[in-house]
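Participant: The structure under discussion is supplied below as structure tokens; questions concerning it will follow.
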2 protein chains.
Amino acid sequence: MNEAFLRACHGEAVRPVPVWLMRQAGRYLPAYQELRKKIDFLTLCKTPELAAKVTIQPVDILGVDAAILFSDILIPLECMGIGLDFHEGRGPVLNPPVRTEQDIERLYPIDPDTDVSFVLETIRILRKELSGKVPLIGFSGAPFTLATYMIEGGTSKTFVNTKRMLFESPHLFSRLMDLLSEVVLSYIEAQIKAGVQAIQVFDTWAGILTREDYERYALPYVTRIIKRVKGSGVPFIYFVFNGGHVLEIIRDSGAEVIGLDWRTDIKTAISILGSDTVVQGNLDPCALFLPENELKTRVDSLLRQGLEAKAHIFNLGHGILPEIPHEKARLLVELVHGLSS
Amino acid sequence: MNEAFLRACHGEAVRPVPVWLMRQAGRYLPAYQELRKKIDFLTLCKTPELAAKVTIQPVDILGVDAAILFSDILIPLECMGIGLDFHEGRGPVLNPPVRTEQDIERLYPIDPDTDVSFVLETIRILRKELSGKVPLIGFSGAPFTLATYMIEGGTSKTFVNTKRMLFESPHLFSRLMDLLSEVVLSYIEAQIKAGVQAIQVFDTWAGILTREDYERYALPYVTRIIKRVKGSGVPFIYFVFNGGHVLEIIRDSGAEVIGLDWRTDIKTAISILGSDTVVQGNLDPCALFLPENELKTRVDSLLRQGLEAKAHIFNLGHGILPEIPHEKARLLVELVHGLSS
């Protein structure tokens with residue numbers, strides 16, 4: 001098997017630098033689009049054979065060094081007693097939103113073996129089909145990010161309901177966060193048991209908090225989860241979107257790998273996180289619109305910056321966009337491998 | 001007249017610290033809501049007597065140290081030959097979006113005296129009515145931010161069309177930016193001639209760029225404008241939302257005052273910008289949900305951090321939200337004045 005990605009996770013400065021792309025299984029791939037004509041997003045997530053097929057597509061088409069489970073961070077929330085729906089172009093809708101003590105009392109923890117058995121089955125299929133190819137990454141949303149979706153009832157521009165609960169009813173908020181942490185932990189543990197070889201936790205919205213609030217209301221729940229996962233030997237990647245201002249604190253999270261969005265340049269990140277850190281990232285997803293020579297210059301610059309870290313896993317700084325031609329994504333993977341070998 | 005705000009703009013460490021709130025004329029004020037029942041947003045912007053009335057409301061109700069013209073950053077775009085519409089809850093829609101050479105060719109610069117005479121008339125009314133009270137701040141969107149609205153046709157989550165033009169057709173993009181810079185400059189100059197005593201330029205979306213791209217594609221246009229405004233003696237406040245990662249570059253913009261969003265703490269910002277900087281900000285707008293004693297602690301902490309700067313103008317780190325009770329906003333102003341006197 002191609003072990004480059006896992007060795008980098010464990011701190012080895014692997015050459016060529018391993019690369020995978022957030023949302024690499026998705027709408028920019030014609031083969032995926034073809035499948036989605038016949039099947040809606042949630043059904044696809046819940047059909048193990050198809051979810052596995054979609055997970056493998058970018059491994060074959062792009063030549064990436066890792067596969068990431070095709071699923072969605074909101075999947076486990078549905079099992080907690082909240083309605084989940086995806087509307088094309090409008091984003092997810094969670095109904096009813098969770099805003100009061102009564103709302104929280106109606107929620108319950110999940111039993112992964114029964115509630116998300118389709119995810120675990122997808123993982124088992126994938127481990128067989130990927131054997132001899134690349135490692136499989138499992139993932140989850142971080143408790144704070146999942147809380148924002150529950151409280152807002154979807155995404156938000158201002159996150160006013162989330163912060164309102166945080167600031168007006170901190171005890172209520174921490175009750176929700178405790179429950180979500182329990183859910184995330186059992187979800188991750190079940191994925192590991194089913195066979196994933198790394199875990200990425202997405203904290204997509206924690207960057208809306210000030211450093212102080214992040215330190216108090218978001219990070220401790222992640223650190224707690226990381227501590228519990230440590231014993232498994234499965235590396236933990238922690239990605240805070242738009243989190244440049246909290247890097248100083250993330251440093252002590254205990255995660256093996258820190259994911260960076262495209263705004264924080266790797267050099268600055270390393271100066272904050274320390275050269276003993278494994279970083280993942282962080283090309284601007286839109287840089288894939290650049291002509292080849294300019295794309296090459298940017299990739300090369302990121303690879304050079306990555307040399308300052310203990311190890312570097314190349315990735316985009318956010319999910320790949322549906323507007324990107326997949327040939328460009330393939331070219332990116334080739335460039336990363338070629339320029340770092 | 002209360003000169004505290006202007007003195008702080010010019011670098012004097014004024015006590016008590018002057019305070020105003022972004023979007024202080026707006027939906028959280030019952031008097032404003034009352035007016036909006038009878039009149040839509042754009043008509044309100046274009047009716048000088050009413051726009052002036054709304055501008056003055058927070059001065060009387062909250063006791064802030066400056067008034068900011070009631071208007072919208074998108075107002076001048078309408079005069080460039082693009083349709084502008086505000087849909088409640090959906091944000092602005094600009095139609096048709098500007099994406100090709102032909103689209104740009106259809107646009108024209110503005111003649112403020114005829115195209116936005118209503119803005120200039122509002123300013124003249126306000127200078128009379130505010131005389132003996134507080135200074136009047138005029139404002140504009142920054143060229144990059146205005147370009148995103150034009151190219152996306154409104155707001156966006158990914159700004160994929162903007163970056164696509166930037167990366168695929170940089171010459172086209174700079175042509176649009178040149179035109180917008182000309183518009184912004186003439187708009188600001190006309191506001192100054194009509195009587196505004198400070199200018200804030202909002203770069204709401206420049207924070208989506210990497211530091212390199214910001215330095216190359218966004219800041220030079222702002223710096224050019226600042227240079228031209230310098231001679232007027234009217235202080236220039238430059239606010240990049242979500243711009244923590246570009247502060248190092250903003251330092252050299254030439255702006256008299258740097259606005260900070262709530263994510264970048266003042267202390268860190270000063271360590272980057274230098275203690276010779278005048279900063280404006282930066283309470284999390286949602287902190288107004290906190291109980292009084294906790295709000296007081298945060299305000300006090302910000303004021304202490306502000307002492308490290310050459311001067312500090314207190315503000316929120318983003319616009320005040322409609323969900324905030326106006327009594328809380330009034331309390332905030334009292335706290336700032338009380339804790340810093």
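Please note that chains go A, B, ... in the order of the structure tokens, that every chain numbers its residues from 1, and that ligands are numbered from 1 in the order shown.
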Which residues come within 12 Å of Thr264 (chain A), counting only C-alpha atoms, excluding same-chain residues fewer than 2 positions away, as number ranges by chain?
Facilitator: A: 240-247, 258-262, 266-273, 279-284, 302, 305, 317-318; B: 207-212, 242-246
Participant: Grab the residues selected above and save them as a compact mmCIF listing (two decimals), in the first residue's frame with N, CA and C atoms.
Facilitator:
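Final file, part.txt:
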# COMPACT_ATOMS: atom_id res chain seq x y z
N VAL A 240 -9.41 23.75 11.41
CA VAL A 240 -10.30 24.88 11.71
C VAL A 240 -10.29 25.82 10.51
N PHE A 241 -11.42 25.95 9.88
CA PHE A 241 -11.54 26.87 8.75
C PHE A 241 -11.48 28.31 9.28
N ASN A 242 -10.73 29.16 8.60
CA ASN A 242 -10.66 30.58 8.99
C ASN A 242 -10.16 30.73 10.43
N GLY A 243 -9.20 29.90 10.80
CA GLY A 243 -8.76 29.85 12.19
C GLY A 243 -7.35 30.39 12.43
N GLY A 244 -6.90 31.27 11.57
CA GLY A 244 -5.56 31.83 11.73
C GLY A 244 -5.34 32.44 13.10
N HIS A 245 -6.40 33.06 13.64
CA HIS A 245 -6.24 33.78 14.92
C HIS A 245 -6.23 32.85 16.14
N VAL A 246 -6.51 31.57 15.93
CA VAL A 246 -6.51 30.66 17.08
C VAL A 246 -5.40 29.61 16.99
N LEU A 247 -4.53 29.75 16.01
CA LEU A 247 -3.46 28.75 15.82
C LEU A 247 -2.61 28.55 17.08
N ILE A 258 -2.25 19.41 11.83
CA ILE A 258 -3.08 20.62 11.84
C ILE A 258 -3.38 21.02 10.40
N GLY A 259 -4.67 21.06 10.06
CA GLY A 259 -5.09 21.51 8.73
C GLY A 259 -5.17 23.02 8.69
N LEU A 260 -4.71 23.60 7.59
CA LEU A 260 -4.69 25.06 7.45
C LEU A 260 -5.55 25.50 6.29
N ASP A 261 -6.32 26.57 6.47
CA ASP A 261 -7.03 27.08 5.30
C ASP A 261 -6.08 27.97 4.50
N TRP A 262 -6.53 28.44 3.33
CA TRP A 262 -5.59 29.11 2.41
C TRP A 262 -5.17 30.50 2.88
N ILE A 266 1.62 28.93 5.23
CA ILE A 266 2.25 27.85 5.99
C ILE A 266 3.42 28.37 6.81
N LYS A 267 4.17 29.28 6.23
CA LYS A 267 5.34 29.83 6.91
C LYS A 267 4.93 30.49 8.24
N THR A 268 3.92 31.36 8.17
CA THR A 268 3.43 32.02 9.38
C THR A 268 2.89 30.98 10.36
N ALA A 269 2.14 30.02 9.83
CA ALA A 269 1.56 28.99 10.70
C ALA A 269 2.64 28.23 11.45
N ILE A 270 3.71 27.88 10.75
CA ILE A 270 4.80 27.13 11.38
C ILE A 270 5.48 27.99 12.45
N SER A 271 5.59 29.29 12.17
CA SER A 271 6.24 30.17 13.16
C SER A 271 5.39 30.21 14.44
N ILE A 272 4.09 29.98 14.32
CA ILE A 272 3.22 29.97 15.50
C ILE A 272 3.13 28.57 16.11
N LEU A 273 2.97 27.57 15.24
CA LEU A 273 2.74 26.20 15.73
C LEU A 273 4.04 25.51 16.16
N VAL A 279 1.78 19.77 9.19
CA VAL A 279 0.72 20.62 8.66
C VAL A 279 0.12 20.03 7.39
N GLN A 280 -1.14 20.36 7.19
CA GLN A 280 -1.84 19.90 5.99
C GLN A 280 -2.45 21.12 5.30
N GLY A 281 -2.19 21.26 4.02
CA GLY A 281 -2.79 22.36 3.29
C GLY A 281 -1.87 22.88 2.21
N ASN A 282 -2.13 24.07 1.73
CA ASN A 282 -3.30 24.90 1.90
C ASN A 282 -3.51 25.81 0.70
N LEU A 283 -3.49 25.24 -0.48
CA LEU A 283 -3.69 26.03 -1.71
C LEU A 283 -5.12 26.58 -1.76
N ASP A 284 -5.24 27.87 -2.10
CA ASP A 284 -6.55 28.46 -2.36
C ASP A 284 -7.27 27.60 -3.42
N LEU A 302 4.36 26.65 -1.88
CA LEU A 302 3.78 25.97 -0.71
C LEU A 302 4.65 24.80 -0.27
N GLN A 305 7.57 26.15 1.63
CA GLN A 305 7.17 26.55 2.99
C GLN A 305 6.96 25.32 3.87
N GLY A 317 -6.85 24.53 0.69
CA GLY A 317 -7.17 25.20 1.95
C GLY A 317 -8.64 25.14 2.30
N HIS A 318 -9.43 24.51 1.44
CA HIS A 318 -10.86 24.30 1.66
C HIS A 318 -11.30 23.28 0.61
N GLY B 207 -10.73 39.94 2.78
CA GLY B 207 -10.18 38.88 3.64
C GLY B 207 -10.28 37.48 3.04
N ILE B 208 -10.95 37.34 1.90
CA ILE B 208 -11.01 36.03 1.24
C ILE B 208 -9.73 35.75 0.47
N LEU B 209 -8.89 36.75 0.33
CA LEU B 209 -7.65 36.58 -0.44
C LEU B 209 -6.50 36.12 0.44
N THR B 210 -5.58 35.39 -0.14
CA THR B 210 -4.32 35.11 0.55
C THR B 210 -3.58 36.45 0.69
N ARG B 211 -2.59 36.45 1.57
CA ARG B 211 -1.83 37.67 1.77
C ARG B 211 -1.21 38.17 0.46
N GLU B 212 -0.64 37.25 -0.28
CA GLU B 212 -0.01 37.61 -1.57
C GLU B 212 -1.01 38.23 -2.54
N ASN B 242 -12.37 40.37 8.55
CA ASN B 242 -11.69 39.08 8.48
C ASN B 242 -10.29 39.21 7.88
N GLY B 243 -9.59 40.28 8.25
CA GLY B 243 -8.32 40.58 7.61
C GLY B 243 -7.12 40.41 8.53
N GLY B 244 -7.23 39.57 9.54
CA GLY B 244 -6.11 39.38 10.47
C GLY B 244 -4.83 38.99 9.75
N HIS B 245 -4.97 38.19 8.69
CA HIS B 245 -3.78 37.68 8.01
C HIS B 245 -3.12 38.71 7.09
N VAL B 246 -3.75 39.86 6.88
CA VAL B 246 -3.13 40.85 6.01
C VAL B 246 -2.74 42.12 6.76
Participant: As a list in words, which residues of region 153-184 of chain A does DSSP assign to alpha helix (DSSP H)?
Facilitator: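 These are the residues in question: Val160, Asn161, Thr162, Lys163, Arg164, Met165, Leu166, Phe167, Glu168, Pro170, His171, Leu172, Phe173, Ser174, Arg175, Leu176, Met177, Asp178, Leu179, Leu180, Ser181, Glu182, Val183 and Val184 of chain A.
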Participant: How about saving the chosen residues, N, CA and C atoms kept, as a compact mmCIF listing (two decimals), in the first residue's frame?
Facilitator:
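Below you can see part.txt, which holds the result:
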# COMPACT_ATOMS: atom_id res chain seq x y z
N VAL A 160 -25.80 34.35 14.82
CA VAL A 160 -26.33 35.10 15.95
C VAL A 160 -27.04 34.20 16.98
N ASN A 161 -27.70 33.15 16.51
CA ASN A 161 -28.39 32.28 17.47
C ASN A 161 -27.40 31.47 18.31
N THR A 162 -26.34 31.03 17.66
CA THR A 162 -25.31 30.27 18.37
C THR A 162 -24.67 31.13 19.46
N LYS A 163 -24.24 32.30 19.06
CA LYS A 163 -23.57 33.17 20.03
C LYS A 163 -24.54 33.67 21.09
N ARG A 164 -25.77 33.83 20.71
CA ARG A 164 -26.75 34.26 21.69
C ARG A 164 -26.87 33.22 22.80
N MET A 165 -26.94 31.94 22.40
CA MET A 165 -27.02 30.88 23.42
C MET A 165 -25.73 30.85 24.25
N LEU A 166 -24.61 30.99 23.54
CA LEU A 166 -23.31 30.97 24.21
C LEU A 166 -23.21 32.06 25.26
N PHE A 167 -23.69 33.25 24.91
CA PHE A 167 -23.51 34.40 25.79
C PHE A 167 -24.65 34.57 26.79
N GLU A 168 -25.85 34.18 26.38
CA GLU A 168 -26.98 34.35 27.30
C GLU A 168 -27.17 33.12 28.19
N PRO A 170 -24.84 30.11 28.79
CA PRO A 170 -23.65 29.26 28.63
C PRO A 170 -23.84 27.83 29.16
N HIS A 171 -24.67 27.68 30.19
CA HIS A 171 -24.86 26.32 30.74
C HIS A 171 -25.62 25.44 29.76
N LEU A 172 -26.60 26.05 29.11
CA LEU A 172 -27.36 25.33 28.09
C LEU A 172 -26.43 24.94 26.95
N PHE A 173 -25.61 25.89 26.55
CA PHE A 173 -24.68 25.64 25.45
C PHE A 173 -23.72 24.50 25.80
N SER A 174 -23.23 24.50 27.02
CA SER A 174 -22.25 23.46 27.35
C SER A 174 -22.94 22.10 27.48
N ARG A 175 -24.23 22.11 27.83
CA ARG A 175 -24.97 20.84 27.85
C ARG A 175 -25.05 20.25 26.44
N LEU A 176 -25.35 21.14 25.48
CA LEU A 176 -25.40 20.69 24.09
C LEU A 176 -24.03 20.21 23.62
N MET A 177 -23.00 20.94 24.02
CA MET A 177 -21.63 20.58 23.61
C MET A 177 -21.20 19.26 24.24
N ASP A 178 -21.60 19.01 25.47
CA ASP A 178 -21.27 17.73 26.11
C ASP A 178 -21.91 16.58 25.34
N LEU A 179 -23.18 16.76 25.00
CA LEU A 179 -23.89 15.72 24.26
C LEU A 179 -23.23 15.49 22.90
N LEU A 180 -22.92 16.59 22.20
CA LEU A 180 -22.31 16.47 20.88
C LEU A 180 -20.92 15.84 20.94
N SER A 181 -20.19 16.12 22.01
CA SER A 181 -18.85 15.54 22.16
C SER A 181 -18.95 14.03 22.31
N GLU A 182 -19.95 13.61 23.08
CA GLU A 182 -20.19 12.18 23.28
C GLU A 182 -20.53 11.52 21.93
N VAL A 183 -21.39 12.19 21.16
CA VAL A 183 -21.78 11.67 19.85
C VAL A 183 -20.56 11.59 18.92
N VAL A 184 -19.79 12.67 18.87
CA VAL A 184 -18.63 12.70 17.98
C VAL A 184 -17.63 11.62 18.38
Participant: Between CA of Val116 (chain B) and CA of Glu189 (chain B), what is the distance, to one decimal in Å?
Facilitator: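 Spanning CA of Val116 (chain B) to CA of Glu189 (chain B) is a straight-line distance of 12.4 Å.
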Participant: Quick one: residues within 8 Å of region 331-337 of chain B, only C-alpha atoms counted, chain neighbours fewer than 6 positions away excluded, as a PyMOL selection string?
Facilitator: chain B and resi 16-20+62-64+288+295-296+299-300+303+314
Participant: For Val196 (chain B), list every protein, DNA or RNA residue within 12 Å, evaluated using only C-alpha atoms, and leave out those in the same chain fewer than 3 positions away; present the list as JSON, numbers by chain.
Facilitator: {"B": [6, 66, 67, 68, 69, 119, 120, 121, 122, 123, 124, 125, 126, 127, 128, 130, 131, 134, 135, 136, 137, 138, 139, 187, 188, 189, 190, 191, 192, 193, 199, 200, 232, 233, 234, 235, 236]}
Participant: Nearest to chain A among B:Ser186, B:Asn315, B:Thr158, B:Thr223, with distances taken over only C-alpha atoms: which residue is it?
Facilitator: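 Ranked by minimum distance to chain A, first place goes to B:Thr158.
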Participant: Do you know which residues are at most 6 Å from Pro97 (chain A) counting only C-alpha atoms, after dropping those on the same chain fewer than 5 positions away, and could you put them as number ranges by chain?
Facilitator: A: 150-151, 153
Participant: Would you mind telling me which residue in B:Ile237, B:Ile75, B:Val278, B:Ala31 lies nearest to Ile61 (chain B) when using only C-alpha atoms?
Facilitator: B:Ala31
Participant: Considering only C-alpha atoms, state which residue in the set B:Phe159, B:Trp205, B:Phe118, B:Phe5 is at the smallest distance from chain A.
Facilitator: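 Answer, going by the shortest atom-to-atom distance: B:Phe159.
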